[in-house]
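Q: What follows is a structure written as structure tokens; I'll ask about it next.
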Amino acid sequence: MAAKKIFISAGDPSGDMHGANLMKEILERDPAVEFHGLGIQKMHDAGLHCMHAMDDYATMWAHIIVKVPTLWQIYRDCKRFFEEERPQLAILIDYGGFNIYLARAAAMRGVPVIYYVCPQFWAYGSWRTKKLRKVVKKMLLVFPFEEEFYTGKDIPFKYVGHPLFDELQKREQDDAMVDRLKAEKGDCIISILPGSRQQEINRFLPLFLGAAEILRKKLPQAHFIVSCHHARNLDLVETVASRFGSQVEIVVGNLPEVIEASAVCLTSSGTVTLEVAAHLTPMVVVYRIPPIAYFMAKPYIETPFLCLVNKVAGKHLVPESLMYRDDYQWIADRVIELVQDKDRRRHVIEGLRRVKTAMGGTGASGRAAEEALAMMNSGS
Amino acid sequence: MTPMIIAFLIFVLAGIAYFYAWIRSCLFILVVFFSLNIWICHELIVPGHDVIFLIIVSVTVLLPAVLITLFGLDMMYGLFCFDMSYSWVFVWVGAMVLYSINLIIIAVNYFTVNT
């Protein structure tokens, strides 16, 4: 019997994680499936026949321009794969800037396309859904509010929940480390989560460390921990931290433990805010963009919420700011508020609990796997 | 200099309209801005350097106009995979370059006459 082939594509670390979980769920239900496509380490470990490793393509803004020749080559290889191998299904995970090209290439060759963890069109440029309508057979939505957004857009969709919660359930938290951090640093740990990409570290870490300098004077009991997602970014994090002369502890990995031990997290917007919410830790969310980019993007921003947690809550639950200049004072003031104002803190934690409930808990990868297999077996 | 000052004020107005997402008003104001600057450029360069005038207008006006039209069509029909909202970058850069060229020619003319 010929193998059932699924083409799957993810281009950044979180997509890689969700892709790997989805692949495992599909293989549990149908071990005859073969996966080919684009991914990073976790998808490779889960059994992906990797056509190209996507380690270096999680870039933002104009930085993508230098990657265009290589991405073009990858696109051509994928097109050839669709033509020669005729996979029964293409599953595209997030990474909208590139995956939308693959969606079109697959659809033009008669390969049904499922889009999982859809690009955030509800936040910026909703007209782009028209591009997907022509090429995507089904969208698998991960946020409850996306159902309302896609209703009436003439794209079949199914809300499956966010796969991050599956991942969080699987991880075993090192409680000893949490206790050690609290014993060493006290109850006022402010953790700084600048992101996993080098561009994010360069953009957000100086901003957060600048705020830490102010906080050090106003909250003498505070201790600062910088979470470094990957060991390969450690040099960069140390270099930036040394520029500020800040006394911060840098922790490589162990993100859940750092979040759990913290009184407040300073973070950029993104999926990490959901992870912080899952730990019921109050946070201050900042996104820093150059003034020109802010000006260019402003008319097409379609949501009053920058942070996913606030979007799910439907209100400004945690402080957030889209900054085009380094406003250290604003960040410091919000942190002080969350540390010292007990009522505000309690209100935020209660809100985060409601957000966690609204996100629907675990099982998203399994539900997505069932949808994918149903589509593949129906032959549509 | 008066037309240049008026053009600058129109440019600022267009920027404000864009920022507050009054896109139709912004487009109308930009049409006025570009028309005024094309006229100024025409008065400064033609006759004698018609080709240079055509090149300037093609790069700073026609190219952005074509791109922004494509963006409009993309918004209506979802034609391209590429995010055409970047067309606005060409519009603003085109506007600033055209204005700067006019300003430089005026300055050069002024200093040539006075020295």
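Ordered as shown in the structure tokens, chains take letters A, B, and onward, while each chain numbers its residues from 1 and ligands are numbered from 1 in the order shown.
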If the cut-off is 6 Å, can you tell me the residues of chain A near chain B, counting only C-alpha atoms? I'd like them as JSON, numbers by chain.

A: {"A": [101, 127, 130, 131, 299]}

Q: Could you turn the residues from that selection into a file that holds N, CA and C atoms, as a PDB file, in the first residue's frame?

A:
```
ATOM      1  N   TYR A 101       2.349  31.643  -0.018  1.00  0.00           N
ATOM      2  CA  TYR A 101       2.835  31.267  -1.349  1.00  0.00           C
ATOM      3  C   TYR A 101       2.695  29.750  -1.535  1.00  0.00           C
ATOM      4  N   TRP A 127      -8.036  42.494   4.958  1.00  0.00           N
ATOM      5  CA  TRP A 127      -8.329  42.201   3.560  1.00  0.00           C
ATOM      6  C   TRP A 127      -7.560  40.964   3.075  1.00  0.00           C
ATOM      7  N   LYS A 130      -8.909  37.471   1.943  1.00  0.00           N
ATOM      8  CA  LYS A 130      -9.361  37.182   0.565  1.00  0.00           C
ATOM      9  C   LYS A 130      -8.341  36.341  -0.180  1.00  0.00           C
ATOM     10  N   LYS A 131      -7.080  36.527   0.179  1.00  0.00           N
ATOM     11  CA  LYS A 131      -6.020  35.725  -0.467  1.00  0.00           C
ATOM     12  C   LYS A 131      -6.149  34.265  -0.056  1.00  0.00           C
ATOM     13  N   PRO A 299      -2.592  52.968  10.142  1.00  0.00           N
ATOM     14  CA  PRO A 299      -3.960  52.954   9.585  1.00  0.00           C
ATOM     15  C   PRO A 299      -4.556  51.555   9.437  1.00  0.00           C
TER      16      PRO A 299
END
```

Q: Step one, run DSSP on the backbone; step two, keep only residues of segment 285-340 of chain A assigned to strand (DSSP E or B); then write them as an MDAnalysis selection string.

A: chainID A and resid 285:288 301 320:323

Q: Now that the selection is made, can you save its residues with C-alpha atoms as a tab-separated table (two decimals), in the first residue's frame?

A:
```tsv
chain	number	residue	atom	x	y	z
A	285	VAL	CA	3.58	43.89	27.57
A	286	VAL	CA	5.48	46.16	25.24
A	287	TYR	CA	6.05	46.16	21.51
A	288	ARG	CA	8.68	48.55	20.22
A	301	ILE	CA	-4.07	48.09	12.73
A	320	GLU	CA	0.36	47.05	27.19
A	321	SER	CA	1.97	49.65	24.97
A	322	LEU	CA	2.97	49.89	21.33
A	323	MET	CA	6.04	52.12	21.60
```

Q: Give me the residues within 7 Å of Val252 of chain A as a PyMOL selection string, counting only C-alpha atoms and dropping any in the same chain fewer than 2 places off.

A: chain A and resi 227-231+250+254

Q: Produce a file of the selected residues containing N, CA and C atoms, as an mmCIF file, in the first residue's frame.

A:
```cif
data_model
loop_
_atom_site.group_PDB
_atom_site.id
_atom_site.type_symbol
_atom_site.label_atom_id
_atom_site.label_comp_id
_atom_site.auth_asym_id
_atom_site.auth_seq_id
_atom_site.Cartn_x
_atom_site.Cartn_y
_atom_site.Cartn_z
ATOM 1 N N SER A 227 15.438 36.026 30.889
ATOM 2 C CA SER A 227 15.283 34.674 30.354
ATOM 3 C C SER A 227 15.864 34.634 28.940
ATOM 4 N N CYS A 228 16.860 33.773 28.759
ATOM 5 C CA CYS A 228 17.468 33.612 27.438
ATOM 6 C C CYS A 228 16.967 32.280 26.879
ATOM 7 N N HIS A 229 16.162 32.378 25.829
ATOM 8 C CA HIS A 229 15.459 31.196 25.315
ATOM 9 C C HIS A 229 16.433 30.114 24.848
ATOM 10 N N HIS A 230 17.432 30.526 24.063
ATOM 11 C CA HIS A 230 18.392 29.553 23.521
ATOM 12 C C HIS A 230 19.799 29.889 23.986
ATOM 13 N N ALA A 231 20.605 28.848 24.193
ATOM 14 C CA ALA A 231 22.005 29.054 24.596
ATOM 15 C C ALA A 231 22.756 29.842 23.521
ATOM 16 N N ILE A 250 21.080 35.946 34.345
ATOM 17 C CA ILE A 250 20.616 35.438 33.055
ATOM 18 C C ILE A 250 20.377 33.938 33.192
ATOM 19 N N ASN A 254 14.570 27.078 30.866
ATOM 20 C CA ASN A 254 13.784 27.101 32.123
ATOM 21 C C ASN A 254 12.762 28.234 32.171
#
```

Q: Quick one: everything within 9 Å of segment 103-110 of chain B, counting only C-alpha atoms, minus sequence neighbours fewer than 5 positions away in the same chain. Send it as a tab-separated table (two decimals) with N, CA and C atoms, in the first residue's frame.

A:
```
chain	number	residue	atom	x	y	z
B	1	MET	N	8.95	80.72	-3.68
B	1	MET	CA	8.93	79.78	-2.56
B	1	MET	C	7.52	79.45	-2.08
B	4	MET	N	6.10	76.09	-2.74
B	4	MET	CA	6.80	75.04	-1.99
B	4	MET	C	6.30	74.98	-0.55
B	41	CYS	N	7.91	71.19	-10.75
B	41	CYS	CA	9.05	70.52	-11.41
B	41	CYS	C	9.08	70.87	-12.90
B	44	LEU	N	10.38	74.30	-13.46
B	44	LEU	CA	11.81	74.43	-13.16
B	44	LEU	C	12.70	73.75	-14.19
B	45	ILE	N	12.22	72.61	-14.73
B	45	ILE	CA	13.11	71.79	-15.58
B	45	ILE	C	12.83	71.96	-17.07
B	98	LEU	N	10.45	63.85	-4.73
B	98	LEU	CA	10.00	64.87	-5.70
B	98	LEU	C	10.09	66.26	-5.08
B	115	THR	N	25.30	84.65	-7.23
B	115	THR	CA	26.77	84.62	-7.11
B	115	THR	C	27.43	84.90	-8.46
```

Q: Using only C-alpha atoms, pick whichever of A:Ala10, A:Lys79, A:Ile26, A:Phe157 has the shortest atom-to-atom distance to Asp94 of chain A.

A: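 The shortest atom-to-atom distance to Asp94 of chain A comes from A:Ala10.
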
Q: So how many Å separate atom CA of Pro112 of chain A and atom CA of Val160 of chain A, to one decimal?

A: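 Computing the Euclidean distance for atom CA of Pro112 of chain A and atom CA of Val160 of chain A yields 18.8 Å.
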
Q: Within segment 74-312 of chain A, find each residue whose DSSP state, derived from the backbone, is helix (DSSP H, G or I), and express the selection as a PDB file with C-alpha atoms, in the first residue's frame.

A:
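File written: part.pdb
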```pdb
ATOM      1  CA  ILE A  74      12.767  26.629  -1.081  1.00  0.00           C
ATOM      2  CA  TYR A  75       9.510  27.691  -2.726  1.00  0.00           C
ATOM      3  CA  ARG A  76      10.609  26.168  -6.040  1.00  0.00           C
ATOM      4  CA  ASP A  77      11.534  22.902  -4.331  1.00  0.00           C
ATOM      5  CA  CYS A  78       8.148  22.749  -2.620  1.00  0.00           C
ATOM      6  CA  LYS A  79       6.390  23.426  -5.928  1.00  0.00           C
ATOM      7  CA  ARG A  80       8.327  20.565  -7.495  1.00  0.00           C
ATOM      8  CA  PHE A  81       7.353  18.342  -4.580  1.00  0.00           C
ATOM      9  CA  PHE A  82       3.655  19.137  -5.093  1.00  0.00           C
ATOM     10  CA  GLU A  83       3.976  18.308  -8.797  1.00  0.00           C
ATOM     11  CA  GLU A  84       6.009  15.122  -8.507  1.00  0.00           C
ATOM     12  CA  GLU A  85       4.817  13.580  -5.237  1.00  0.00           C
ATOM     13  CA  GLY A  96       1.983  33.737   6.853  1.00  0.00           C
ATOM     14  CA  GLY A  97       4.477  35.730   4.801  1.00  0.00           C
ATOM     15  CA  PHE A  98       5.856  32.578   3.187  1.00  0.00           C
ATOM     16  CA  ASN A  99       3.206  29.917   3.753  1.00  0.00           C
ATOM     17  CA  ILE A 100       0.654  31.842   1.742  1.00  0.00           C
ATOM     18  CA  TYR A 101       2.835  31.267  -1.349  1.00  0.00           C
ATOM     19  CA  LEU A 102       2.942  27.552  -0.557  1.00  0.00           C
ATOM     20  CA  ALA A 103      -0.840  27.534  -0.079  1.00  0.00           C
ATOM     21  CA  ARG A 104      -1.302  28.935  -3.572  1.00  0.00           C
ATOM     22  CA  ALA A 105       1.249  26.569  -5.095  1.00  0.00           C
ATOM     23  CA  ALA A 106      -0.417  23.558  -3.450  1.00  0.00           C
ATOM     24  CA  ALA A 107      -3.957  24.629  -4.359  1.00  0.00           C
ATOM     25  CA  MET A 108      -2.974  25.198  -7.994  1.00  0.00           C
ATOM     26  CA  SER A 126      -8.000  41.928   7.354  1.00  0.00           C
ATOM     27  CA  TRP A 127      -8.329  42.201   3.560  1.00  0.00           C
ATOM     28  CA  ARG A 128      -5.654  39.492   3.352  1.00  0.00           C
ATOM     29  CA  THR A 129      -8.266  36.843   4.207  1.00  0.00           C
ATOM     30  CA  LYS A 130      -9.361  37.182   0.565  1.00  0.00           C
ATOM     31  CA  LYS A 131      -6.020  35.725  -0.467  1.00  0.00           C
ATOM     32  CA  LEU A 132      -6.607  32.662   1.710  1.00  0.00           C
ATOM     33  CA  ARG A 133     -10.217  32.166   0.623  1.00  0.00           C
ATOM     34  CA  PRO A 144     -11.923  31.772  20.430  1.00  0.00           C
ATOM     35  CA  PHE A 145     -12.348  35.312  19.064  1.00  0.00           C
ATOM     36  CA  GLU A 146     -11.157  34.204  15.605  1.00  0.00           C
ATOM     37  CA  GLU A 147     -14.469  32.388  15.039  1.00  0.00           C
ATOM     38  CA  GLU A 148     -16.310  35.701  15.000  1.00  0.00           C
ATOM     39  CA  PHE A 149     -13.681  37.232  12.714  1.00  0.00           C
ATOM     40  CA  TYR A 150     -13.882  34.445  10.114  1.00  0.00           C
ATOM     41  CA  LEU A 164       0.462  25.806  23.443  1.00  0.00           C
ATOM     42  CA  PHE A 165      -1.642  24.431  26.301  1.00  0.00           C
ATOM     43  CA  ASP A 166      -0.873  20.845  25.204  1.00  0.00           C
ATOM     44  CA  GLU A 167       2.804  21.688  25.320  1.00  0.00           C
ATOM     45  CA  LEU A 168       2.535  23.335  28.712  1.00  0.00           C
ATOM     46  CA  GLN A 169       0.761  20.289  30.122  1.00  0.00           C
ATOM     47  CA  LYS A 170       3.526  18.000  28.845  1.00  0.00           C
ATOM     48  CA  ASP A 175       9.610  23.102  41.398  1.00  0.00           C
ATOM     49  CA  ALA A 176      12.980  22.873  43.133  1.00  0.00           C
ATOM     50  CA  MET A 177      14.307  25.539  40.795  1.00  0.00           C
ATOM     51  CA  VAL A 178      11.305  27.762  41.455  1.00  0.00           C
ATOM     52  CA  ASP A 179      11.866  27.382  45.208  1.00  0.00           C
ATOM     53  CA  ARG A 180      15.582  28.067  44.807  1.00  0.00           C
ATOM     54  CA  LEU A 181      14.929  31.240  42.807  1.00  0.00           C
ATOM     55  CA  LYS A 182      12.417  32.468  45.372  1.00  0.00           C
ATOM     56  CA  ALA A 183      14.711  31.604  48.282  1.00  0.00           C
ATOM     57  CA  GLU A 184      17.679  33.383  46.699  1.00  0.00           C
ATOM     58  CA  LYS A 185      15.903  36.396  45.257  1.00  0.00           C
ATOM     59  CA  GLN A 198      18.123  37.983  17.923  1.00  0.00           C
ATOM     60  CA  GLN A 199      16.249  40.940  16.447  1.00  0.00           C
ATOM     61  CA  GLU A 200      13.796  40.802  19.335  1.00  0.00           C
ATOM     62  CA  ILE A 201      16.615  40.678  21.877  1.00  0.00           C
ATOM     63  CA  ASN A 202      18.294  43.689  20.277  1.00  0.00           C
ATOM     64  CA  ARG A 203      15.046  45.609  20.215  1.00  0.00           C
ATOM     65  CA  PHE A 204      13.418  44.742  23.535  1.00  0.00           C
ATOM     66  CA  LEU A 205      16.171  43.871  25.978  1.00  0.00           C
ATOM     67  CA  PRO A 206      17.704  47.402  26.104  1.00  0.00           C
ATOM     68  CA  LEU A 207      14.203  48.796  26.625  1.00  0.00           C
ATOM     69  CA  PHE A 208      13.468  46.453  29.528  1.00  0.00           C
ATOM     70  CA  LEU A 209      16.897  46.932  31.089  1.00  0.00           C
ATOM     71  CA  GLY A 210      16.430  50.703  30.906  1.00  0.00           C
ATOM     72  CA  ALA A 211      13.191  50.283  32.853  1.00  0.00           C
ATOM     73  CA  ALA A 212      15.025  47.976  35.287  1.00  0.00           C
ATOM     74  CA  GLU A 213      17.463  50.795  36.074  1.00  0.00           C
ATOM     75  CA  ILE A 214      14.549  52.985  37.199  1.00  0.00           C
ATOM     76  CA  LEU A 215      12.923  50.111  39.077  1.00  0.00           C
ATOM     77  CA  ARG A 216      16.130  49.341  40.934  1.00  0.00           C
ATOM     78  CA  LYS A 217      15.857  52.762  42.618  1.00  0.00           C
ATOM     79  CA  LYS A 218      12.126  52.664  43.296  1.00  0.00           C
ATOM     80  CA  ALA A 231      22.005  29.054  24.596  1.00  0.00           C
ATOM     81  CA  ARG A 232      23.060  30.385  21.172  1.00  0.00           C
ATOM     82  CA  ASN A 233      21.714  33.832  22.149  1.00  0.00           C
ATOM     83  CA  LEU A 234      23.562  33.946  25.473  1.00  0.00           C
ATOM     84  CA  ASP A 235      26.486  36.005  24.162  1.00  0.00           C
ATOM     85  CA  LEU A 236      24.126  38.595  22.735  1.00  0.00           C
ATOM     86  CA  VAL A 237      22.096  38.813  25.954  1.00  0.00           C
ATOM     87  CA  GLU A 238      25.275  39.195  28.025  1.00  0.00           C
ATOM     88  CA  THR A 239      26.602  41.895  25.691  1.00  0.00           C
ATOM     89  CA  VAL A 240      23.389  43.923  25.873  1.00  0.00           C
ATOM     90  CA  ALA A 241      23.138  43.484  29.649  1.00  0.00           C
ATOM     91  CA  SER A 242      26.759  44.588  30.142  1.00  0.00           C
ATOM     92  CA  ARG A 243      26.061  47.816  28.217  1.00  0.00           C
ATOM     93  CA  PHE A 244      23.560  48.756  30.907  1.00  0.00           C
ATOM     94  CA  LEU A 255      11.202  29.635  30.989  1.00  0.00           C
ATOM     95  CA  PRO A 256       8.296  28.032  32.938  1.00  0.00           C
ATOM     96  CA  GLU A 257      10.305  28.117  36.173  1.00  0.00           C
ATOM     97  CA  VAL A 258      11.337  31.739  35.623  1.00  0.00           C
ATOM     98  CA  ILE A 259       7.734  32.781  34.936  1.00  0.00           C
ATOM     99  CA  GLU A 260       6.409  30.823  37.917  1.00  0.00           C
ATOM    100  CA  ALA A 261       8.928  32.403  40.299  1.00  0.00           C
ATOM    101  CA  VAL A 272       4.765  33.999  25.261  1.00  0.00           C
ATOM    102  CA  THR A 273       2.101  36.212  26.847  1.00  0.00           C
ATOM    103  CA  LEU A 274      -0.260  33.205  26.817  1.00  0.00           C
ATOM    104  CA  GLU A 275       2.393  31.147  28.560  1.00  0.00           C
ATOM    105  CA  VAL A 276       2.763  33.845  31.204  1.00  0.00           C
ATOM    106  CA  ALA A 277      -1.024  33.953  31.558  1.00  0.00           C
ATOM    107  CA  ALA A 278      -1.105  30.175  32.010  1.00  0.00           C
ATOM    108  CA  PRO A 291       8.616  55.516  14.358  1.00  0.00           C
ATOM    109  CA  ILE A 292       8.472  55.140  10.575  1.00  0.00           C
ATOM    110  CA  ALA A 293       7.140  51.588  10.850  1.00  0.00           C
ATOM    111  CA  TYR A 294       4.595  52.792  13.418  1.00  0.00           C
ATOM    112  CA  PHE A 295       3.444  55.512  11.030  1.00  0.00           C
ATOM    113  CA  MET A 296       3.193  53.099   8.095  1.00  0.00           C
ATOM    114  CA  ALA A 297       1.309  50.413  10.020  1.00  0.00           C
ATOM    115  CA  LYS A 298      -1.029  52.606  12.067  1.00  0.00           C
ATOM    116  CA  PRO A 299      -3.960  52.954   9.585  1.00  0.00           C
ATOM    117  CA  TYR A 300      -4.211  49.205   9.095  1.00  0.00           C
ATOM    118  CA  LEU A 308      -3.151  38.250  22.944  1.00  0.00           C
ATOM    119  CA  VAL A 309      -4.154  38.024  26.598  1.00  0.00           C
ATOM    120  CA  ASN A 310      -6.018  41.325  26.395  1.00  0.00           C
ATOM    121  CA  LYS A 311      -7.566  40.304  23.083  1.00  0.00           C
ATOM    122  CA  VAL A 312      -8.912  37.091  24.633  1.00  0.00           C
TER     123      VAL A 312
END
```

Q: Between B:Ile6, B:Thr60, B:Glu43, B:His49, which has the minimum distance to Ser100 of chain B (counting only C-alpha atoms)?

A: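 Once distances to Ser100 of chain B are computed over only C-alpha atoms, the minimum belongs to B:Thr60.
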
Q: Please identify all polymer residues within 12 Å of Ser35 of chain B, counting only C-alpha atoms, omitting same-chain residues fewer than 3 positions from it, and present them as a ChimeraX atom specification.

A: /B:3,7,10-11,28-32,38-42,57,60-62,95,98-99

Q: Restricting it to C-alpha atoms, dump the selection as a PDB file, in the first residue's frame.

A:
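The resulting file, result04.pdb, is shown below:
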```pdb
ATOM      1  CA  PRO B   3       4.143  77.055  -3.834  1.00  0.00           C
ATOM      2  CA  ALA B   7       3.180  71.925  -0.923  1.00  0.00           C
ATOM      3  CA  ILE B  10      -0.305  69.788   2.032  1.00  0.00           C
ATOM      4  CA  PHE B  11       2.250  67.034   2.631  1.00  0.00           C
ATOM      5  CA  PHE B  28      -7.169  63.091  -2.448  1.00  0.00           C
ATOM      6  CA  ILE B  29      -4.671  65.329  -0.625  1.00  0.00           C
ATOM      7  CA  LEU B  30      -1.774  63.381  -2.134  1.00  0.00           C
ATOM      8  CA  VAL B  31      -3.197  63.874  -5.634  1.00  0.00           C
ATOM      9  CA  VAL B  32      -3.187  67.625  -4.941  1.00  0.00           C
ATOM     10  CA  ILE B  38       4.706  68.062 -10.919  1.00  0.00           C
ATOM     11  CA  TRP B  39       3.748  71.569 -12.015  1.00  0.00           C
ATOM     12  CA  ILE B  40       6.609  73.104  -9.993  1.00  0.00           C
ATOM     13  CA  CYS B  41       9.045  70.519 -11.406  1.00  0.00           C
ATOM     14  CA  HIS B  42       7.772  71.201 -14.931  1.00  0.00           C
ATOM     15  CA  VAL B  57       7.888  61.970 -12.751  1.00  0.00           C
ATOM     16  CA  THR B  60       8.443  59.524  -8.053  1.00  0.00           C
ATOM     17  CA  VAL B  61       4.837  59.688  -9.262  1.00  0.00           C
ATOM     18  CA  LEU B  62       3.930  57.011 -11.802  1.00  0.00           C
ATOM     19  CA  ALA B  95       6.590  62.399  -2.430  1.00  0.00           C
ATOM     20  CA  LEU B  98       9.998  64.866  -5.698  1.00  0.00           C
ATOM     21  CA  TYR B  99       9.663  67.665  -3.146  1.00  0.00           C
TER      22      TYR B  99
END
```
